[in-house]
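File shown: run-v2.txt (compact mmCIF, C-alpha atoms and all ligand atoms).
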# COMPACT_ATOMS: atom_id res chain seq x y z
CA MET A 1 27.34 35.16 -30.06
CA LYS A 2 25.87 35.91 -26.66
CA LYS A 3 22.36 36.03 -28.21
CA ILE A 4 22.78 32.60 -29.85
CA PHE A 5 24.02 31.13 -26.59
CA LYS A 6 21.03 32.56 -24.73
CA ARG A 7 18.64 31.17 -27.37
CA ILE A 8 20.20 27.69 -27.18
CA LEU A 9 19.97 27.80 -23.39
CA LYS A 10 16.31 28.83 -23.59
CA ILE A 11 15.45 26.04 -26.06
CA THR A 12 17.30 23.46 -23.95
CA LEU A 13 15.48 24.56 -20.80
CA LEU A 14 12.11 24.46 -22.56
CA ALA A 15 12.82 20.98 -23.95
CA PHE A 16 13.87 19.82 -20.49
CA LEU A 17 10.71 21.27 -18.94
CA ALA A 18 8.52 19.69 -21.65
CA ALA A 19 10.19 16.30 -20.99
CA ILE A 20 9.57 16.60 -17.23
CA ILE A 21 5.90 17.58 -17.76
CA THR A 22 5.44 14.65 -20.19
CA ILE A 23 6.92 12.19 -17.67
CA VAL A 24 4.71 13.58 -14.86
CA ILE A 25 1.57 13.27 -17.03
CA ILE A 26 2.51 9.70 -18.04
CA ILE A 27 3.21 8.76 -14.41
CA LEU A 28 -0.11 10.17 -13.21
CA PHE A 29 -2.31 9.10 -16.13
CA PRO A 30 -0.87 5.86 -17.53
CA GLN A 31 -4.03 4.30 -19.01
CA PRO A 32 -3.51 5.38 -22.68
CA LEU A 33 -0.14 3.61 -22.75
CA PHE A 34 -1.73 0.17 -22.42
CA ALA A 35 -3.05 -1.89 -25.32
CA ASN A 36 -5.73 -3.87 -23.45
CA LYS A 37 -8.39 -2.55 -21.13
CA MET A 38 -11.18 -4.28 -19.28
CA SER A 39 -13.96 -2.50 -17.40
CA TYR A 40 -15.48 -4.34 -14.48
CA LYS A 41 -17.72 -2.75 -11.84
CA LYS A 42 -15.65 0.08 -10.26
CA PHE A 43 -12.45 -1.04 -11.99
CA THR A 44 -10.66 -0.47 -15.28
CA VAL A 45 -7.87 -3.00 -15.69
CA CYS A 46 -5.06 -1.95 -18.07
CA SER A 47 -2.38 -4.27 -19.43
CA ASN A 48 -0.29 -4.92 -22.52
CA ASP A 49 -0.88 -8.65 -22.08
CA LYS A 50 -4.20 -10.43 -22.43
CA ILE A 51 -6.20 -9.78 -19.26
CA ASP A 52 -7.03 -12.98 -17.40
CA ASP A 53 -10.78 -13.11 -16.69
CA ASN A 54 -10.01 -14.58 -13.24
CA ILE A 55 -8.95 -11.09 -12.17
CA LYS A 56 -12.68 -10.24 -11.78
CA ASN A 57 -12.98 -12.67 -8.90
CA ILE A 58 -9.87 -11.19 -7.25
CA LEU A 59 -11.21 -7.64 -7.69
CA ASP A 60 -14.48 -8.67 -6.03
CA LYS A 61 -12.57 -10.11 -3.07
CA ALA A 62 -10.40 -6.99 -2.77
CA MET A 63 -13.51 -4.79 -2.87
CA ASP A 64 -15.15 -6.91 -0.13
CA LEU A 65 -12.19 -6.07 2.11
CA VAL A 66 -12.04 -2.39 1.20
CA GLN A 67 -15.77 -2.03 1.89
CA GLN A 68 -15.00 -2.74 5.54
CA SER A 69 -12.96 0.46 5.74
CA GLU A 70 -14.48 3.69 7.07
CA LEU A 71 -12.71 5.33 4.10
CA TYR A 72 -14.73 3.30 1.58
CA ASP A 73 -16.29 5.52 -1.07
CA PRO A 74 -18.95 3.76 -3.19
CA GLY A 75 -18.48 6.23 -6.08
CA TYR A 76 -14.69 5.85 -6.26
CA LYS A 77 -13.29 4.22 -9.41
CA TYR A 78 -9.93 2.46 -9.59
CA ASN A 79 -7.54 1.86 -12.47
CA ILE A 80 -5.63 -1.37 -12.03
CA ILE A 81 -2.41 -0.94 -14.02
CA LEU A 82 -0.70 -4.28 -14.66
CA CYS A 83 2.69 -3.05 -15.82
CA HIS A 84 5.14 -5.90 -15.27
CA ASN A 85 7.74 -5.92 -18.08
CA THR A 86 6.57 -2.64 -19.60
CA PHE A 87 8.17 0.68 -20.43
CA TYR A 88 5.82 2.29 -17.90
CA ASN A 89 7.29 0.14 -15.13
CA LYS A 90 10.76 1.43 -16.02
CA ILE A 91 9.50 5.03 -15.79
CA ASP A 92 7.86 4.19 -12.45
CA ASP A 93 11.19 2.78 -11.22
CA LEU A 94 12.54 6.34 -11.40
CA LEU A 95 10.52 6.92 -8.22
CA GLY A 96 12.45 4.16 -6.46
CA ILE A 97 12.57 0.40 -6.81
CA GLY A 98 11.29 -2.11 -4.30
CA PRO A 99 7.52 -2.19 -3.92
CA ALA A 100 5.50 -4.87 -5.71
CA ALA A 101 2.71 -2.32 -6.15
CA ARG A 102 2.02 1.36 -5.64
CA ALA A 103 -1.02 3.62 -5.36
CA ARG A 104 -1.04 6.91 -7.24
CA LEU A 105 -4.20 9.04 -7.54
CA ASN A 106 -6.81 6.40 -8.41
CA ASN A 107 -4.24 4.09 -10.03
CA VAL A 108 -3.23 0.82 -8.40
CA ILE A 109 0.05 0.05 -10.14
CA VAL A 110 1.04 -3.61 -9.99
CA LYS A 111 4.72 -3.81 -10.89
CA VAL A 112 5.35 -7.54 -10.62
CA ARG A 113 4.10 -10.63 -12.44
CA ILE A 114 0.72 -11.86 -11.25
CA ASP A 115 -1.34 -15.03 -11.63
CA PRO A 116 -5.03 -14.27 -10.98
CA ASN A 117 -5.85 -17.98 -11.28
CA SER A 118 -3.77 -18.84 -8.20
CA ASN A 119 -4.39 -15.39 -6.64
CA LEU A 120 -0.68 -14.63 -6.40
CA ALA A 121 1.74 -11.83 -7.17
CA PHE A 122 5.42 -12.67 -7.51
CA ALA A 123 7.60 -10.10 -5.76
CA THR A 124 11.32 -10.03 -6.55
CA PHE A 125 12.79 -7.27 -4.38
CA ARG A 126 15.39 -8.59 -1.88
CA LYS A 127 14.33 -12.13 -2.77
CA GLU A 128 11.72 -13.93 -4.84
CA CYS A 129 8.53 -14.54 -2.90
CA GLU A 130 4.76 -14.84 -3.28
CA VAL A 131 2.19 -12.30 -2.14
CA ASN A 132 -1.54 -12.87 -2.01
CA LEU A 133 -2.89 -10.79 -4.92
CA THR A 134 -6.19 -9.92 -3.21
CA TYR A 135 -4.26 -8.56 -0.23
CA LEU A 136 -1.87 -6.61 -2.47
CA LEU A 137 -4.72 -4.94 -4.40
CA ALA A 138 -6.79 -4.19 -1.28
CA HIS A 139 -3.75 -2.66 0.45
CA GLU A 140 -3.12 -0.27 -2.46
CA MET A 141 -6.84 0.52 -2.84
CA VAL A 142 -6.88 1.69 0.79
CA HIS A 143 -3.92 3.96 0.00
CA CYS A 144 -6.02 5.47 -2.83
CA LEU A 145 -8.85 6.03 -0.35
CA GLN A 146 -6.55 7.69 2.22
CA ALA A 147 -5.69 10.38 -0.34
CA ASN A 148 -9.31 10.52 -1.49
CA ARG A 149 -10.57 11.18 2.05
CA TYR A 150 -7.84 13.37 3.49
CA GLY A 151 -6.48 15.00 0.33
CA LEU A 152 -3.24 14.72 -1.60
CA MET A 153 -1.68 17.47 0.50
CA LYS A 154 -1.81 15.18 3.56
CA PHE A 155 -1.15 11.86 1.81
CA ASN A 156 1.63 12.09 -0.77
CA PRO A 157 5.14 10.57 -1.05
CA PHE A 158 6.71 13.64 0.58
CA ARG A 159 4.14 14.40 3.26
CA HIS A 160 2.09 11.81 5.08
CA PRO A 161 1.33 10.58 8.62
CA GLU A 162 3.94 8.48 10.42
CA PHE A 163 4.70 5.21 8.63
CA TRP A 164 2.91 3.03 11.16
CA LYS A 165 -0.28 5.03 10.57
CA LEU A 166 0.27 5.24 6.81
CA GLU A 167 0.98 1.53 6.23
CA GLY A 168 -0.61 -0.03 9.30
CA TYR A 169 -4.14 0.84 8.24
CA PRO A 170 -4.02 -0.64 4.68
CA GLU A 171 -2.41 -3.72 6.26
CA TYR A 172 -5.19 -3.94 8.87
CA ILE A 173 -7.96 -3.66 6.26
CA SER A 174 -6.42 -5.93 3.64
CA LYS A 175 -5.84 -8.70 6.22
CA GLN A 176 -9.37 -8.57 7.68
CA LYS A 177 -10.24 -12.04 6.42
CA LYS A 178 -7.34 -13.54 8.34
CA LEU A 179 -7.92 -11.37 11.42
CA SER A 180 -11.54 -12.45 11.69
CA GLY A 181 -10.66 -16.16 11.30
CA LYS A 182 -11.30 -18.36 14.32
CA ASP A 183 -7.65 -19.49 14.48
CA TYR A 184 -6.37 -15.95 14.72
CA SER A 185 -5.41 -14.28 17.99
CA LEU A 186 -4.00 -10.76 18.35
CA THR A 187 -1.99 -11.75 21.43
CA ASN A 188 -0.28 -14.59 19.51
CA ASP A 189 0.43 -12.26 16.62
CA ILE A 190 1.94 -9.63 18.96
CA ASP A 191 4.14 -12.35 20.49
CA ARG A 192 5.19 -13.47 17.01
CA TYR A 193 6.15 -9.92 16.06
CA VAL A 194 8.09 -9.32 19.31
CA THR A 195 10.11 -12.52 18.69
CA LEU A 196 10.77 -11.65 15.04
CA GLU A 197 11.74 -8.10 15.90
CA SER A 198 14.15 -9.21 18.62
CA LYS A 199 15.95 -11.46 16.12
CA ALA A 200 15.94 -8.96 13.23
CA THR A 201 19.24 -7.33 12.32
CA ASP A 202 17.62 -4.59 10.20
CA ILE A 203 14.11 -3.22 9.58
CA TRP A 204 13.05 -6.23 7.47
CA VAL A 205 10.90 -8.87 9.11
CA SER A 206 9.18 -11.89 7.62
CA SER A 207 5.48 -11.55 6.76
CA GLU A 208 3.15 -14.47 7.40
CA GLU A 209 3.21 -16.48 4.23
CA GLY A 210 4.87 -16.73 0.84
CA GLY A 211 8.37 -16.06 2.21
CA CYS A 212 8.17 -12.28 1.71
CA GLU A 213 9.80 -9.80 4.05
CA VAL A 214 8.38 -6.37 4.85
CA PRO A 215 9.76 -3.32 6.69
CA ASP A 216 8.81 -3.79 10.35
CA TYR A 217 6.45 -0.79 10.42
CA TYR A 218 4.02 -2.72 8.18
CA TYR A 219 3.70 -5.53 10.70
CA LYS A 220 4.02 -3.36 13.81
CA GLY A 221 1.64 -0.78 12.30
CA LYS A 222 -0.92 -3.49 11.53
CA LEU A 223 -0.79 -4.76 15.13
CA MET A 224 -1.03 -1.26 16.61
CA MET A 225 -3.92 -0.38 14.32
CA GLU A 226 -5.67 -3.61 15.31
CA TYR A 227 -5.13 -2.85 18.99
CA LEU A 228 -6.40 0.72 18.64
CA MET A 229 -9.41 -0.17 16.48
CA ASP A 230 -10.53 -3.57 17.79
CA ILE A 231 -9.59 -3.26 21.48
CA ARG A 232 -9.79 0.49 22.11
CA HIS A 233 -12.48 1.02 19.44
CA LEU A 234 -10.94 4.09 17.84
CA SER A 235 -11.71 5.03 14.25
CA TYR A 236 -8.92 5.64 11.73
CA ASP A 237 -9.87 9.29 11.85
CA GLN A 238 -9.30 9.32 15.62
CA VAL A 239 -6.01 7.44 15.26
CA LEU A 240 -4.77 10.05 12.78
CA ARG A 241 -5.74 12.88 15.12
CA ASP A 242 -4.26 11.22 18.22
CA THR A 243 -0.94 12.86 19.13
CA ALA A 244 0.36 10.01 21.33
CA SER A 245 3.77 8.82 20.16
CA GLU A 246 4.34 5.52 18.36
CA ASN A 247 6.41 4.27 21.27
CA ARG A 248 3.73 5.13 23.84
CA ILE A 249 1.01 3.28 21.91
CA TYR A 250 3.33 0.33 21.31
CA GLN A 251 4.24 0.03 25.02
CA GLU A 252 0.55 0.32 25.94
CA MET A 253 -0.24 -2.51 23.52
CA ILE A 254 2.54 -4.68 24.97
CA ARG A 255 1.20 -4.08 28.51
CA TRP A 256 -2.32 -4.99 27.35
CA ASN A 257 -0.92 -8.14 25.76
CA ASN A 258 0.88 -9.14 28.96
CA ASP A 259 -2.24 -8.51 31.08
CA LYS A 260 -4.33 -10.51 28.63
CA LYS A 261 -1.97 -13.47 28.86
CA HIS A 262 -2.06 -13.38 32.66
CA GLU A 263 -5.86 -13.50 32.56
CA GLN A 264 -5.76 -16.73 30.56
ZN ZN A 301 1.48 0.52 1.44
With the file now loaded, output its structure as structure tokens.
Ligand SMILES: [Zn+2]
Amino acid sequence: MKKIFKRILKITLLAFLAAIITIVIIILFPQPLFANKMSYKKFTVCSNDKIDDNIKNILDKAMDLVQQSELYDPGYKYNIILCHNTFYNKIDDLLGIGPAARARLNNVIVKVRIDPNSNLAFATFRKECEVNLTYLLAHEMVHCLQANRYGLMKFNPFRHPEFWKLEGYPEYISKQKKLSGKDYSLTNDIDRYVTLESKATDIWVSSEEGGCEVPDYYYKGKLMMEYLMDIRHLSYDQVLRDTASENRIYQEMIRWNNDKKHEQ
């Protein structure tokens, strides 16, 4: 009796282990699950739906942004996994719901409906809103490059730099087009953030357009990264190595902003 019980326990454990390994492999290497694939330059786009040719234009724009990063690797290849309404998305939800997209190894996983023709992704978490698709892809591509440059041991869901350094940099790179526009001013954007933050009742603050809200460390991190890189001329590598606290850098940026306004 004892022997049979032990054998059943062993088989159950093995089956459980096999199921876990299968899920991990599927999560890390999702490409074979998708019916349609399109190769374009450094990208393989995977989807169960017909792949809109307009995505090529969006991928080009995202790559233009990512090329501005010091982490850019010309040999790096990305899988763009369009998994809205798929079984894979449900498996991915096991890792937590919320984000419109995720980066995992060299996979950019887009979890929400997209329209490449209007360059939009339609996020639904907290409330329905529109995200610029180029920005969304570029942001996740930079996450891929962080792990590519610094290794998965330093950039993974359990171990990574502080959130403002983790998210601020992809935000900074993916919004380069806006930041280099002639209507843009860092001081105005800092003022906008300070006002939003003072009114916020939780960590969620409104992003610029499309009605989406983001955790404040995305916005604050983007501003701090912009201050450190464009004003103090640090590289991302130097920012990562810098041991100054988030609060110290933030207060320094606020002081710089106040001085700058007095100069005007
Ligand atoms: Zn991110």
Mind running chain A against ligand ZN 301 (chain A) at 9 Å and telling me each contacting residue's nearest atom pair with the distance in Å (one decimal), counting only C-alpha atoms and all ligand atoms, chain and number ascending, as JSON lines?
{"residue": "A:Pro99", "atom": "CA", "partner": "A:ZN301", "partner_atom": "ZN", "distance": 8.5}
{"residue": "A:Ala101", "atom": "CA", "partner": "A:ZN301", "partner_atom": "ZN", "distance": 8.2}
{"residue": "A:Arg102", "atom": "CA", "partner": "A:ZN301", "partner_atom": "ZN", "distance": 7.2}
{"residue": "A:Ala103", "atom": "CA", "partner": "A:ZN301", "partner_atom": "ZN", "distance": 7.9}
{"residue": "A:Leu136", "atom": "CA", "partner": "A:ZN301", "partner_atom": "ZN", "distance": 8.8}
{"residue": "A:His139", "atom": "CA", "partner": "A:ZN301", "partner_atom": "ZN", "distance": 6.2}
{"residue": "A:Glu140", "atom": "CA", "partner": "A:ZN301", "partner_atom": "ZN", "distance": 6.1}
{"residue": "A:Val142", "atom": "CA", "partner": "A:ZN301", "partner_atom": "ZN", "distance": 8.5}
{"residue": "A:His143", "atom": "CA", "partner": "A:ZN301", "partner_atom": "ZN", "distance": 6.6}
{"residue": "A:Leu166", "atom": "CA", "partner": "A:ZN301", "partner_atom": "ZN", "distance": 7.3}
{"residue": "A:Glu167", "atom": "CA", "partner": "A:ZN301", "partner_atom": "ZN", "distance": 4.9}
{"residue": "A:Gly168", "atom": "CA", "partner": "A:ZN301", "partner_atom": "ZN", "distance": 8.2}
{"residue": "A:Tyr169", "atom": "CA", "partner": "A:ZN301", "partner_atom": "ZN", "distance": 8.8}
{"residue": "A:Pro170", "atom": "CA", "partner": "A:ZN301", "partner_atom": "ZN", "distance": 6.5}
{"residue": "A:Glu171", "atom": "CA", "partner": "A:ZN301", "partner_atom": "ZN", "distance": 7.5}
{"residue": "A:Tyr218", "atom": "CA", "partner": "A:ZN301", "partner_atom": "ZN", "distance": 7.9}
Just write the chosen residues, C-alpha atoms, as an mmCIF file, in the frame of the given file.
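Just written: again-v9.cif:
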data_model
loop_
_atom_site.group_PDB
_atom_site.id
_atom_site.type_symbol
_atom_site.label_atom_id
_atom_site.label_comp_id
_atom_site.auth_asym_id
_atom_site.auth_seq_id
_atom_site.Cartn_x
_atom_site.Cartn_y
_atom_site.Cartn_z
ATOM 1 C CA PRO A 99 7.520 -2.190 -3.920
ATOM 2 C CA ALA A 101 2.710 -2.320 -6.150
ATOM 3 C CA ARG A 102 2.020 1.360 -5.640
ATOM 4 C CA ALA A 103 -1.020 3.620 -5.360
ATOM 5 C CA LEU A 136 -1.870 -6.610 -2.470
ATOM 6 C CA HIS A 139 -3.750 -2.660 0.450
ATOM 7 C CA GLU A 140 -3.120 -0.270 -2.460
ATOM 8 C CA VAL A 142 -6.880 1.690 0.790
ATOM 9 C CA HIS A 143 -3.920 3.960 0.000
ATOM 10 C CA LEU A 166 0.270 5.240 6.810
ATOM 11 C CA GLU A 167 0.980 1.530 6.230
ATOM 12 C CA GLY A 168 -0.610 -0.030 9.300
ATOM 13 C CA TYR A 169 -4.140 0.840 8.240
ATOM 14 C CA PRO A 170 -4.020 -0.640 4.680
ATOM 15 C CA GLU A 171 -2.410 -3.720 6.260
ATOM 16 C CA TYR A 218 4.020 -2.720 8.180
#
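The closest residue to Met63 of chain A, picked from A:Arg248, A:Lys50, A:Lys42, A:His84 and counting all atoms listed in the file, is A:Lys42.
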Handout entry: Point-to-point distance in Å for atom CA of Ile80 of chain A and atom CA of Val108 of chain A
Key = 4.9 Å
Handout entry: 9 Å contact set for segment 125-128 of chain A, all atoms listed in the file, chain neighbours under 4 positions out, as number ranges by chain
Key = A: 97-100, 211-213
Handout entry: Which of A:Ile51, A:Ile91, A:Leu179, A:Met153 sits closest to Asn117 of chain A [using only C-alpha atoms]
Key = A:Ile51
Practice task
Would you mind listing what lies within 10 Å of Tyr193 of chain A as a PyMOL selection string, with only C-alpha atoms counted and same-chain residues fewer than 2 positions away left out?
Solution key: chain A and resi 187-191+195-199+205-207+216+219-220+223
Serialized selection, C-alpha atoms, as a compact mmCIF listing (two decimals), in the coordinates of the input:
# COMPACT_ATOMS: atom_id res chain seq x y z
CA THR A 187 -1.99 -11.75 21.43
CA ASN A 188 -0.28 -14.59 19.51
CA ASP A 189 0.43 -12.26 16.62
CA ILE A 190 1.94 -9.63 18.96
CA ASP A 191 4.14 -12.35 20.49
CA THR A 195 10.11 -12.52 18.69
CA LEU A 196 10.77 -11.65 15.04
CA GLU A 197 11.74 -8.10 15.90
CA SER A 198 14.15 -9.21 18.62
CA LYS A 199 15.95 -11.46 16.12
CA VAL A 205 10.90 -8.87 9.11
CA SER A 206 9.18 -11.89 7.62
CA SER A 207 5.48 -11.55 6.76
CA ASP A 216 8.81 -3.79 10.35
CA TYR A 219 3.70 -5.53 10.70
CA LYS A 220 4.02 -3.36 13.81
CA LEU A 223 -0.79 -4.76 15.13
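The spacing separating atom CA of Asn247 of chain A from atom CA of Ile203 of chain A amounts to 15.9 Å.
For the residues A:Asn258, A:Gln68, A:Asn132, A:Gln176, ranking by smallest atom-to-atom distance to Leu120 of chain A using only C-alpha atoms places A:Asn132 first.
With distances restricted to only C-alpha atoms, A:Arg104 is the closest residue to Asn156 of chain A from A:Lys177, A:Arg192, A:Arg104, A:Lys222.
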Handout entry: Close residues, Lys61 of chain A itself excluded, 9 Å, all atoms listed in the file, min 3 positions apart in chain, as a ChimeraX atom specification
Key = /A:56-58,64-66,134-135,138
Exercise for the section: Give as an NGL selection string each residue that has an atom at most 9 Å from (11.6, 9.6, -5.7) in the file, counting only C-alpha atoms. Expected result: :A and (93-96 or 157-158)
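Among the candidates A:Leu137, A:Ile81, A:Ile4, A:Leu145, the one nearest to Leu59 of chain A when counting all atoms listed in the file is A:Leu137.
Going from atom CA of Asn48 of chain A to atom CA of Pro30 of chain A covers 11.9 Å.
When all atoms listed in the file are used to compute distances to Met229 of chain A, the closest of the residues A:Ile173, A:Ile254, A:Ile27, A:Ile11 turns out to be A:Ile173.
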Handout entry: Shell of 9 Å around Ser47 of chain A, all atoms listed in the file, local chain residues under 5 positions omitted, as a list in words
Key = Gln31, Leu33, Phe34, Ala35, Asn36, Lys37, Met38, Ile80, Ile81, Leu82, Cys83 and His84 of chain A
Rebuild N, CA, C and O atoms on segment 129-141 of chain A, as a PDB file, in the frame of the given file?
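Now in out.pdb:
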ATOM      1  N   CYS A 129       9.509 -14.041  -3.851  1.00  0.00           N
ATOM      2  CA  CYS A 129       8.530 -14.540  -2.900  1.00  0.00           C
ATOM      3  C   CYS A 129       7.119 -14.324  -3.459  1.00  0.00           C
ATOM      4  O   CYS A 129       6.948 -13.651  -4.480  1.00  0.00           O
ATOM      5  N   GLU A 130       6.144 -14.919  -2.798  1.00  0.00           N
ATOM      6  CA  GLU A 130       4.760 -14.840  -3.280  1.00  0.00           C
ATOM      7  C   GLU A 130       3.898 -14.006  -2.340  1.00  0.00           C
ATOM      8  O   GLU A 130       3.961 -14.173  -1.131  1.00  0.00           O
ATOM      9  N   VAL A 131       3.115 -13.131  -2.932  1.00  0.00           N
ATOM     10  CA  VAL A 131       2.190 -12.300  -2.140  1.00  0.00           C
ATOM     11  C   VAL A 131       0.780 -12.629  -2.599  1.00  0.00           C
ATOM     12  O   VAL A 131       0.541 -12.821  -3.795  1.00  0.00           O
ATOM     13  N   ASN A 132      -0.138 -12.681  -1.670  1.00  0.00           N
ATOM     14  CA  ASN A 132      -1.540 -12.870  -2.010  1.00  0.00           C
ATOM     15  C   ASN A 132      -2.013 -11.646  -2.816  1.00  0.00           C
ATOM     16  O   ASN A 132      -1.876 -10.510  -2.369  1.00  0.00           O
ATOM     17  N   LEU A 133      -2.534 -11.897  -4.016  1.00  0.00           N
ATOM     18  CA  LEU A 133      -2.890 -10.790  -4.920  1.00  0.00           C
ATOM     19  C   LEU A 133      -4.072  -9.967  -4.382  1.00  0.00           C
ATOM     20  O   LEU A 133      -4.078  -8.742  -4.494  1.00  0.00           O
ATOM     21  N   THR A 134      -5.045 -10.647  -3.792  1.00  0.00           N
ATOM     22  CA  THR A 134      -6.190  -9.920  -3.210  1.00  0.00           C
ATOM     23  C   THR A 134      -5.710  -8.934  -2.158  1.00  0.00           C
ATOM     24  O   THR A 134      -6.103  -7.769  -2.136  1.00  0.00           O
ATOM     25  N   TYR A 135      -4.805  -9.414  -1.284  1.00  0.00           N
ATOM     26  CA  TYR A 135      -4.260  -8.560  -0.230  1.00  0.00           C
ATOM     27  C   TYR A 135      -3.515  -7.376  -0.832  1.00  0.00           C
ATOM     28  O   TYR A 135      -3.691  -6.234  -0.405  1.00  0.00           O
ATOM     29  N   LEU A 136      -2.691  -7.667  -1.851  1.00  0.00           N
ATOM     30  CA  LEU A 136      -1.870  -6.610  -2.470  1.00  0.00           C
ATOM     31  C   LEU A 136      -2.763  -5.511  -3.059  1.00  0.00           C
ATOM     32  O   LEU A 136      -2.525  -4.315  -2.840  1.00  0.00           O
ATOM     33  N   LEU A 137      -3.815  -5.919  -3.782  1.00  0.00           N
ATOM     34  CA  LEU A 137      -4.720  -4.940  -4.400  1.00  0.00           C
ATOM     35  C   LEU A 137      -5.485  -4.158  -3.334  1.00  0.00           C
ATOM     36  O   LEU A 137      -5.592  -2.934  -3.410  1.00  0.00           O
ATOM     37  N   ALA A 138      -6.009  -4.875  -2.328  1.00  0.00           N
ATOM     38  CA  ALA A 138      -6.790  -4.190  -1.280  1.00  0.00           C
ATOM     39  C   ALA A 138      -5.918  -3.180  -0.540  1.00  0.00           C
ATOM     40  O   ALA A 138      -6.353  -2.063  -0.242  1.00  0.00           O
ATOM     41  N   HIS A 139      -4.677  -3.563  -0.253  1.00  0.00           N
ATOM     42  CA  HIS A 139      -3.750  -2.660   0.450  1.00  0.00           C
ATOM     43  C   HIS A 139      -3.595  -1.350  -0.349  1.00  0.00           C
ATOM     44  O   HIS A 139      -3.714  -0.252   0.215  1.00  0.00           O
ATOM     45  N   GLU A 140      -3.341  -1.476  -1.646  1.00  0.00           N
ATOM     46  CA  GLU A 140      -3.120  -0.270  -2.460  1.00  0.00           C
ATOM     47  C   GLU A 140      -4.425   0.517  -2.634  1.00  0.00           C
ATOM     48  O   GLU A 140      -4.408   1.754  -2.688  1.00  0.00           O
ATOM     49  N   MET A 141      -5.557  -0.185  -2.719  1.00  0.00           N
ATOM     50  CA  MET A 141      -6.840   0.520  -2.840  1.00  0.00           C
ATOM     51  C   MET A 141      -7.091   1.384  -1.602  1.00  0.00           C
ATOM     52  O   MET A 141      -7.623   2.493  -1.698  1.00  0.00           O
TER      53      MET A 141
END
